[in-house]
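Data from protein13.cif: mmCIF, C-alpha atoms
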```cif
data_entry
loop_
_atom_site.group_PDB
_atom_site.id
_atom_site.type_symbol
_atom_site.label_atom_id
_atom_site.label_comp_id
_atom_site.auth_asym_id
_atom_site.auth_seq_id
_atom_site.Cartn_x
_atom_site.Cartn_y
_atom_site.Cartn_z
ATOM 1 C CA MET A 1379 10.385 -3.390 -8.160
ATOM 2 C CA LEU A 1380 7.347 -4.240 -10.287
ATOM 3 C CA GLN A 1381 6.259 -7.142 -8.110
ATOM 4 C CA VAL A 1382 6.195 -4.930 -5.018
ATOM 5 C CA ILE A 1383 3.944 -2.304 -6.613
ATOM 6 C CA LEU A 1384 1.579 -4.945 -7.972
ATOM 7 C CA LEU A 1385 1.320 -6.725 -4.633
ATOM 8 C CA MET A 1386 0.641 -3.425 -2.857
ATOM 9 C CA ILE A 1387 -2.399 -2.902 -5.070
ATOM 10 C CA VAL A 1388 -3.566 -6.509 -4.606
ATOM 11 C CA GLY A 1389 -3.234 -6.317 -0.829
ATOM 12 C CA GLY A 1390 -5.078 -3.006 -0.695
ATOM 13 C CA ILE A 1391 -7.942 -4.493 -2.680
ATOM 14 C CA GLY A 1392 -8.111 -7.363 -0.210
ATOM 15 C CA LEU A 1393 -8.144 -5.019 2.776
ATOM 16 C CA ALA A 1394 -10.914 -2.864 1.289
ATOM 17 C CA GLN A 1395 -13.021 -5.956 0.621
ATOM 18 C CA ALA A 1396 -12.307 -7.323 4.098
ATOM 19 C CA VAL A 1397 -13.351 -4.187 6.015
ATOM 20 C CA SER A 1398 -16.509 -3.718 3.934
ATOM 21 C CA ASP A 1399 -19.602 -5.560 5.116
ATOM 22 C CA PRO A 1400 -20.385 -7.856 2.161
ATOM 23 C CA ARG A 1401 -24.117 -7.442 2.792
ATOM 24 C CA GLN A 1402 -23.866 -3.673 2.339
ATOM 25 C CA VAL A 1403 -21.965 -3.565 -0.969
ATOM 26 C CA THR A 1404 -22.811 -4.941 -4.384
ATOM 27 C CA LEU A 1405 -21.442 -8.189 -5.734
ATOM 28 C CA ARG A 1406 -20.409 -6.239 -8.843
ATOM 29 C CA TRP A 1407 -17.943 -4.166 -6.821
ATOM 30 C CA LEU A 1408 -16.570 -7.212 -5.023
ATOM 31 C CA ARG A 1409 -16.210 -9.023 -8.347
ATOM 32 C CA LEU A 1410 -14.460 -6.040 -9.927
ATOM 33 C CA GLY A 1411 -11.863 -6.065 -7.159
ATOM 34 C CA GLY A 1412 -11.165 -9.732 -7.776
ATOM 35 C CA LEU A 1413 -11.016 -9.236 -11.534
ATOM 36 C CA ILE A 1414 -8.337 -6.587 -11.030
ATOM 37 C CA ALA A 1415 -6.376 -8.411 -8.325
ATOM 38 C CA LEU A 1416 -6.031 -11.777 -10.058
ATOM 39 C CA PRO A 1417 -4.365 -10.481 -13.266
ATOM 40 C CA LEU A 1418 -2.025 -8.336 -11.157
ATOM 41 C CA VAL A 1419 -0.925 -11.418 -9.228
ATOM 42 C CA ALA A 1420 -0.412 -13.246 -12.522
ATOM 43 C CA ILE A 1421 1.753 -10.395 -13.825
ATOM 44 C CA ALA A 1422 3.761 -10.451 -10.575
ATOM 45 C CA VAL A 1423 4.359 -14.184 -11.029
ATOM 46 C CA VAL A 1424 5.497 -13.683 -14.630
ATOM 47 C CA ALA A 1425 7.751 -10.778 -13.608
ATOM 48 C CA ALA A 1426 9.321 -12.880 -10.856
ATOM 49 C CA TRP A 1427 9.896 -15.756 -13.290
ATOM 50 C CA MET A 1428 11.500 -13.484 -15.906
ATOM 51 C CA ASP A 1429 13.698 -11.808 -13.282
ATOM 52 C CA ARG A 1430 14.659 -14.880 -11.279
ATOM 53 C CA SER A 1431 18.188 -13.683 -10.574
ATOM 54 C CA GLU A 1432 17.023 -10.496 -8.849
ATOM 55 C CA THR A 1433 13.580 -11.185 -7.428
ATOM 56 C CA LEU A 1434 13.307 -11.025 -3.645
ATOM 57 C CA ILE A 1435 9.838 -12.609 -3.475
ATOM 58 C CA ALA A 1436 9.885 -16.334 -2.788
ATOM 59 C CA TRP A 1437 7.608 -18.529 -4.908
ATOM 60 C CA PRO A 1438 5.681 -19.896 -1.885
ATOM 61 C CA LEU A 1439 4.800 -16.311 -0.928
ATOM 62 C CA LEU A 1440 3.462 -15.562 -4.419
ATOM 63 C CA LEU A 1441 1.421 -18.759 -4.290
ATOM 64 C CA ALA A 1442 0.107 -17.791 -0.847
ATOM 65 C CA VAL A 1443 -1.197 -14.563 -2.372
ATOM 66 C CA ALA A 1444 -2.607 -16.122 -5.548
ATOM 67 C CA LEU A 1445 -4.705 -18.785 -3.796
ATOM 68 C CA PRO A 1446 -6.931 -16.521 -1.618
ATOM 69 C CA VAL A 1447 -7.280 -13.993 -4.459
ATOM 70 C CA THR A 1448 -8.603 -16.776 -6.694
ATOM 71 C CA LEU A 1449 -10.837 -18.076 -3.909
ATOM 72 C CA GLN A 1450 -12.285 -14.601 -3.347
ATOM 73 C CA LEU A 1451 -13.231 -14.234 -6.988
ATOM 74 C CA LEU A 1452 -14.837 -17.691 -7.099
ATOM 75 C CA ALA A 1453 -16.740 -17.005 -3.870
ATOM 76 C CA VAL A 1454 -18.153 -13.789 -5.328
ATOM 77 C CA GLN A 1455 -19.189 -15.641 -8.473
ATOM 78 C CA LYS A 1456 -21.165 -18.058 -6.272
ATOM 79 C CA ALA A 1457 -22.533 -15.185 -4.140
ATOM 80 C CA ARG A 1458 -20.819 -16.581 -1.020
ATOM 81 C CA ARG A 1459 -20.347 -13.213 0.615
ATOM 82 C CA GLN A 1460 -18.847 -14.280 3.936
ATOM 83 C CA LEU A 1461 -16.492 -16.726 2.257
ATOM 84 C CA GLN A 1462 -15.218 -14.010 -0.062
ATOM 85 C CA ARG A 1463 -14.649 -11.747 2.945
ATOM 86 C CA GLY A 1464 -12.507 -14.382 4.604
ATOM 87 C CA ALA A 1465 -10.578 -14.949 1.376
ATOM 88 C CA ALA A 1466 -10.028 -11.199 0.994
ATOM 89 C CA THR A 1467 -8.655 -11.042 4.541
ATOM 90 C CA LEU A 1468 -6.260 -13.892 3.775
ATOM 91 C CA SER A 1469 -5.088 -12.199 0.575
ATOM 92 C CA TYR A 1470 -4.298 -9.020 2.524
ATOM 93 C CA LEU A 1471 -2.393 -10.917 5.219
ATOM 94 C CA ALA A 1472 -0.497 -12.990 2.641
ATOM 95 C CA THR A 1473 0.448 -9.861 0.705
ATOM 96 C CA CYS A 1474 1.686 -8.107 3.853
ATOM 97 C CA THR A 1475 3.764 -11.176 4.715
ATOM 98 C CA ALA A 1476 5.311 -11.216 1.233
ATOM 99 C CA LEU A 1477 6.110 -7.500 1.314
ATOM 100 C CA THR A 1478 7.572 -7.725 4.822
ATOM 101 C CA TRP A 1479 9.833 -10.507 3.560
ATOM 102 C CA VAL A 1480 10.862 -8.283 0.636
ATOM 103 C CA ALA A 1481 11.624 -5.321 2.920
ATOM 104 C CA TRP A 1482 13.629 -7.473 5.333
ATOM 105 C CA THR A 1483 15.586 -9.134 2.528
ATOM 106 C CA TRP A 1484 16.225 -5.840 0.762
ATOM 107 C CA LEU A 1485 17.567 -4.204 3.912
ATOM 108 C CA THR A 1486 19.801 -7.216 4.531
ATOM 109 C CA VAL A 1487 21.226 -6.860 1.036
ATOM 110 C CA LEU A 1488 21.520 -3.093 1.493
ATOM 111 C CA GLU A 1489 23.453 -3.465 4.741
ATOM 112 C CA GLN A 1490 25.940 -5.803 3.060
ATOM 113 C CA SER A 1491 26.230 -3.857 -0.188
ATOM 114 C CA VAL A 1492 29.638 -2.473 -1.115
ATOM 115 C CA THR A 1493 27.868 0.669 -2.319
ATOM 116 C CA PHE A 1494 27.272 1.619 1.289
ATOM 117 C CA ILE A 1495 30.774 1.121 2.626
ATOM 118 C CA ALA A 1496 31.488 4.364 4.431
ATOM 119 C CA ALA A 1497 35.171 3.662 4.944
ATOM 120 C CA PRO A 1498 37.581 0.887 3.929
ATOM 121 C CA GLY A 1499 36.714 -2.233 5.853
ATOM 122 C CA SER A 1500 33.553 -0.799 7.472
ATOM 123 C CA VAL A 1501 30.071 -1.841 6.350
ATOM 124 C CA LEU A 1502 26.884 0.140 6.866
ATOM 125 C CA GLN A 1503 25.036 -0.841 10.043
ATOM 126 C CA LEU A 1504 21.342 -0.024 9.801
ATOM 127 C CA PRO A 1505 19.721 1.185 13.037
ATOM 128 C CA ALA A 1506 17.226 -1.005 14.865
ATOM 129 C CA VAL A 1507 14.367 1.388 14.050
ATOM 130 C CA THR A 1508 14.834 0.557 10.366
ATOM 131 C CA TRP A 1509 14.177 -3.125 11.002
ATOM 132 C CA ALA A 1510 11.144 -2.252 13.136
ATOM 133 C CA GLN A 1511 9.735 -0.044 10.387
ATOM 134 C CA ALA A 1512 10.356 -2.801 7.838
ATOM 135 C CA VAL A 1513 7.808 -4.894 9.736
ATOM 136 C CA LEU A 1514 5.315 -2.098 10.438
ATOM 137 C CA ALA A 1515 5.304 -0.282 7.102
ATOM 138 C CA PRO A 1516 4.137 -2.958 4.584
ATOM 139 C CA PRO A 1517 0.617 -3.448 6.058
ATOM 140 C CA LEU A 1518 0.078 0.322 6.112
ATOM 141 C CA THR A 1519 1.562 1.019 2.690
ATOM 142 C CA THR A 1520 -0.334 -1.868 1.114
ATOM 143 C CA GLY A 1521 -3.633 -0.692 2.542
ATOM 144 C CA LEU A 1522 -3.045 2.847 1.348
ATOM 145 C CA VAL A 1523 -1.874 2.225 -2.215
ATOM 146 C CA GLY A 1524 -4.466 -0.394 -3.101
ATOM 147 C CA GLY A 1525 -7.151 0.880 -0.742
ATOM 148 C CA VAL A 1526 -7.365 4.352 -2.274
ATOM 149 C CA LEU A 1527 -7.645 2.852 -5.757
ATOM 150 C CA VAL A 1528 -10.443 0.456 -4.822
ATOM 151 C CA ALA A 1529 -12.227 3.173 -2.805
ATOM 152 C CA MET A 1530 -12.311 5.165 -6.024
ATOM 153 C CA LEU A 1531 -13.986 2.168 -7.690
ATOM 154 C CA LEU A 1532 -16.476 2.001 -4.825
ATOM 155 C CA GLY A 1533 -17.381 5.611 -5.553
ATOM 156 C CA HIS A 1534 -18.013 4.628 -9.162
ATOM 157 C CA ALA A 1535 -20.199 1.750 -7.977
ATOM 158 C CA TYR A 1536 -22.554 4.221 -6.302
ATOM 159 C CA LEU A 1537 -23.231 5.834 -9.659
ATOM 160 C CA THR A 1538 -24.815 2.610 -10.941
ATOM 161 C CA ALA A 1539 -26.018 0.931 -7.733
ATOM 162 C CA GLY A 1540 -29.104 3.070 -7.239
ATOM 163 C CA ASN A 1541 -30.511 2.293 -3.784
ATOM 164 C CA GLU A 1542 -28.576 -0.968 -3.362
ATOM 165 C CA MET A 1543 -25.979 0.633 -1.081
ATOM 166 C CA THR A 1544 -26.161 3.090 1.783
ATOM 167 C CA GLN A 1545 -23.361 5.544 2.563
ATOM 168 C CA ARG A 1546 -22.040 3.308 5.338
ATOM 169 C CA PRO A 1547 -19.523 1.280 3.248
ATOM 170 C CA PHE A 1548 -18.062 4.405 1.648
ATOM 171 C CA ARG A 1549 -17.831 6.142 5.024
ATOM 172 C CA ARG A 1550 -16.197 3.134 6.679
ATOM 173 C CA LEU A 1551 -13.605 2.685 3.941
ATOM 174 C CA THR A 1552 -12.726 6.385 4.033
ATOM 175 C CA LEU A 1553 -12.159 6.234 7.794
ATOM 176 C CA VAL A 1554 -9.968 3.130 7.403
ATOM 177 C CA LEU A 1555 -7.831 4.918 4.810
ATOM 178 C CA ALA A 1556 -7.529 7.966 7.053
ATOM 179 C CA GLY A 1557 -6.386 5.753 9.919
ATOM 180 C CA LEU A 1558 -3.809 4.024 7.716
ATOM 181 C CA LEU A 1559 -2.518 7.372 6.483
ATOM 182 C CA ALA A 1560 -2.181 8.721 10.028
ATOM 183 C CA ALA A 1561 -0.385 5.589 11.242
ATOM 184 C CA ARG A 1562 1.905 5.671 8.211
ATOM 185 C CA ALA A 1563 2.809 9.314 8.913
ATOM 186 C CA VAL A 1564 3.495 8.707 12.608
ATOM 187 C CA GLY A 1565 5.625 5.647 11.902
ATOM 188 C CA SER A 1566 7.631 7.387 9.205
ATOM 189 C CA LEU A 1567 8.238 10.481 11.338
ATOM 190 C CA ALA A 1568 9.229 8.543 14.449
ATOM 191 C CA LEU A 1569 11.161 5.645 12.902
ATOM 192 C CA ALA A 1570 12.662 7.214 9.789
ATOM 193 C CA LEU A 1571 12.760 11.012 9.626
ATOM 194 C CA TRP A 1572 13.809 11.600 13.216
ATOM 195 C CA PRO A 1573 16.596 8.949 13.216
ATOM 196 C CA TYR A 1574 17.719 10.202 9.797
ATOM 197 C CA TYR A 1575 18.349 13.708 11.106
ATOM 198 C CA THR A 1576 19.639 12.442 14.453
ATOM 199 C CA HIS A 1577 22.366 10.385 12.788
ATOM 200 C CA GLY A 1578 23.101 13.079 10.234
ATOM 201 C CA PRO A 1579 22.789 13.122 6.434
ATOM 202 C CA TRP A 1580 24.409 10.322 4.464
ATOM 203 C CA PRO A 1581 27.669 11.186 2.704
ATOM 204 C CA TRP A 1582 26.405 10.273 -0.802
ATOM 205 C CA GLY A 1583 23.937 12.276 -2.869
ATOM 206 C CA SER A 1584 23.302 15.998 -2.866
ATOM 207 C CA PRO A 1585 21.408 17.635 0.022
ATOM 208 C CA GLU A 1586 19.006 19.114 -2.521
ATOM 209 C CA SER A 1587 17.935 15.676 -3.763
ATOM 210 C CA TYR A 1588 17.237 14.502 -0.217
ATOM 211 C CA ALA A 1589 15.303 17.678 0.562
ATOM 212 C CA LEU A 1590 13.207 17.286 -2.596
ATOM 213 C CA MET A 1591 12.365 13.667 -1.917
ATOM 214 C CA ILE A 1592 11.622 14.233 1.787
ATOM 215 C CA THR A 1593 9.331 17.141 0.906
ATOM 216 C CA THR A 1594 7.591 15.033 -1.725
ATOM 217 C CA ARG A 1595 7.268 12.125 0.648
ATOM 218 C CA TYR A 1596 5.597 14.094 3.456
ATOM 219 C CA LEU A 1597 3.872 17.019 1.776
ATOM 220 C CA VAL A 1598 2.680 15.323 -1.416
ATOM 221 C CA GLY A 1599 2.369 11.788 -0.066
ATOM 222 C CA LEU A 1600 0.909 12.380 3.406
ATOM 223 C CA VAL A 1601 -0.235 15.933 4.219
ATOM 224 C CA VAL A 1602 -2.190 16.730 1.045
ATOM 225 C CA PRO A 1603 -3.793 13.243 0.865
ATOM 226 C CA GLY A 1604 -4.857 13.728 4.491
ATOM 227 C CA VAL A 1605 -6.635 16.957 3.555
ATOM 228 C CA PHE A 1606 -8.216 15.268 0.551
ATOM 229 C CA LEU A 1607 -9.456 12.314 2.616
ATOM 230 C CA TYR A 1608 -11.161 14.771 4.946
ATOM 231 C CA MET A 1609 -12.829 16.321 1.897
ATOM 232 C CA VAL A 1610 -13.866 12.852 0.709
ATOM 233 C CA TYR A 1611 -15.401 12.076 4.093
ATOM 234 C CA ASP A 1612 -17.291 15.367 4.057
ATOM 235 C CA CYS A 1613 -18.615 14.612 0.547
ATOM 236 C CA VAL A 1614 -19.692 11.120 1.638
ATOM 237 C CA GLN A 1615 -21.544 12.582 4.603
ATOM 238 C CA ARG A 1616 -23.488 14.801 2.190
ATOM 239 C CA ARG A 1617 -24.016 11.939 -0.327
ATOM 240 C CA ALA A 1618 -21.897 13.780 -2.898
ATOM 241 C CA ASN A 1619 -20.396 10.495 -4.102
ATOM 242 C CA GLN A 1620 -19.379 11.775 -7.527
ATOM 243 C CA SER A 1621 -17.315 14.552 -5.962
ATOM 244 C CA ALA A 1622 -15.765 12.103 -3.490
ATOM 245 C CA THR A 1623 -14.794 9.814 -6.352
ATOM 246 C CA GLY A 1624 -13.116 12.658 -8.241
ATOM 247 C CA ILE A 1625 -11.100 13.649 -5.187
ATOM 248 C CA LEU A 1626 -10.027 10.029 -4.711
ATOM 249 C CA TYR A 1627 -8.605 10.033 -8.252
ATOM 250 C CA VAL A 1628 -6.148 12.763 -7.259
ATOM 251 C CA THR A 1629 -5.538 11.229 -3.831
ATOM 252 C CA ALA A 1630 -4.510 7.928 -5.427
ATOM 253 C CA VAL A 1631 -1.941 9.681 -7.633
ATOM 254 C CA LEU A 1632 -0.492 11.610 -4.685
ATOM 255 C CA VAL A 1633 -0.239 8.524 -2.464
ATOM 256 C CA ILE A 1634 1.618 6.644 -5.217
ATOM 257 C CA MET A 1635 3.979 9.611 -5.686
ATOM 258 C CA GLY A 1636 4.635 9.747 -1.950
ATOM 259 C CA GLU A 1637 5.338 6.040 -1.673
ATOM 260 C CA GLY A 1638 7.588 6.256 -4.736
ATOM 261 C CA ALA A 1639 9.605 8.971 -2.995
ATOM 262 C CA ALA A 1640 9.707 6.751 0.110
ATOM 263 C CA LEU A 1641 11.176 3.891 -1.932
ATOM 264 C CA TRP A 1642 13.863 6.254 -3.254
ATOM 265 C CA LEU A 1643 14.689 7.333 0.297
ATOM 266 C CA ILE A 1644 14.891 3.709 1.450
ATOM 267 C CA ALA A 1645 17.438 2.948 -1.265
ATOM 268 C CA ALA A 1646 19.396 6.142 -0.591
ATOM 269 C CA THR A 1647 19.438 6.182 3.220
ATOM 270 C CA GLY A 1648 18.459 2.743 4.525
ATOM 271 C CA TYR A 1649 15.567 4.244 6.512
ATOM 272 C CA VAL A 1650 12.059 3.006 5.759
ATOM 273 C CA PHE A 1651 10.317 6.289 5.039
#
```

Conversion result in structure tokens:
Amino acid sequence: MLQVILLMIVGGIGLAQAVSDPRQVTLRWLRLGGLIALPLVAIAVVAAWMDRSETLIAWPLLLAVALPVTLQLLAVQKARRQLQRGAATLSYLATCTALTWVAWTWLTVLEQSVTFIAAPGSVLQLPAVTWAQAVLAPPLTTGLVGGVLVAMLLGHAYLTAGNEMTQRPFRRLTLVLAGLLAARAVGSLALALWPYYTHGPWPWGSPESYALMITTRYLVGLVVPGVFLYMVYDCVQRRANQSATGILYVTAVLVIMGEGAALWLIAATGYVF
């Protein structure tokens, strides 16, 4: 769903701006995040309007995201650093709320879908861990997808900031991303992969397709990005910001691939990978 991907990026931008001390980063970087987030929200609104029959995002939730994103950009324009930090925090929380609503609604539809009738008269019953993961996963996924992208932009900002920024913001954001990645991996292993194998493979789809997507989800989307984030942190410690930025380029692509595989697994199995 286009709106989901766009909101993930918007929420990640908000989280990165919220965890960064506004006195230690440049207004140019904060403004750039807002300039990216606001058009993405606008596209999400247009996509929801054009796809009204299928969208799972309620209009009040989209409005709740758009308002703090707009406020953040205006606060940066007026150099109100603390105000923009509060607005960025609200945009992250609003985005997580919207995506949690989407996950909950999607799983409700999935559970009632005739596609997942295992036998005549019996409807798929999703395990309780799936509903728990539907609440826990959106804040982590949002922070990862958008956070890695905006961390890459922070690395670019160092190339033009001169002595305006110390290494502290880059180091802090890298540690936040590493924590999100670790929590995402633990949650997916405990609340998706383990129940999936405990209950046995689903009767539809080839075992090879599941194996490919599960490997992509964990190896490409979690393990390798974890190694790369360690490399980024090491580069930041040595003030090799250009190298850290290059590694973040690849990390962003891998995280998106991993979350894409997770979305496929959600649709195929009902577990929130």

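Residues within 10 Å of Ala1396 (chain A), counting only C-alpha atoms and excluding same-chain residues fewer than 4 positions away, are Gly1390, Ile1391, Gly1392, Pro1400, Gln1460, Gln1462, Arg1463, Gly1464, Ala1465, Ala1466, Thr1467, Leu1468, Ser1469 and Tyr1470 of chain A.
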
>> Selection in question (the file shown): the PyMOL selection byres ((chain A and resi 1507-1514) around 6). Which residues does it include, as an MDAnalysis selection string?
In response: chainID A and resid 1478 1481 1505:1506 1515 1569 1649:1650

>> Considering all atoms listed in the file, can you say which of A:Val1605, A:Gly1638, A:Asn1619, A:Thr1647 comes closest to Met1543 (chain A)?
In response: A:Asn1619

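By chain and then residue number, the residues within 9 Å of Ala1529 (chain A) are Ile1391, Ala1394, Phe1548, Leu1551, Thr1552, Leu1555, Thr1623 and Leu1626 of chain A, counting only C-alpha atoms and disregarding those fewer than 6 positions away in sequence.
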
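Across A:Ala1570, A:Ala1422, A:Val1628, A:Ile1387, the tightest approach to Trp1437 (chain A) is made by A:Ala1422 when counting all atoms listed in the file.
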
>> Give me the residues near Leu1384 (chain A) as a PyMOL selection string, where near means some atom within 12 Å (using only C-alpha atoms) and where sequence neighbours in that chain fewer than 4 positions away do not count.
In response: chain A and resi 1379-1380+1388-1391+1414-1426+1440+1443+1473+1476-1477+1520+1523-1524+1634

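Using only C-alpha atoms, the smallest distance between any of A:Cys1474, A:Leu1518, A:Val1601, A:Ala1535 and Arg1409 (chain A) comes from A:Ala1535.
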
Edge lengths and centre in Å, axis-aligned, region 1597-1600 of chain A plus 4 Å each side, as AutoDock Vina command-line options:
```
--center_x 2.4 --center_y 14.4 --center_z 1.0 --size_x 11.0 --size_y 13.2 --size_z 12.8
```

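With CA of Ala1453 (chain A) on one side and CA of Gln1381 (chain A) on the other, the separation reads 25.4 Å.
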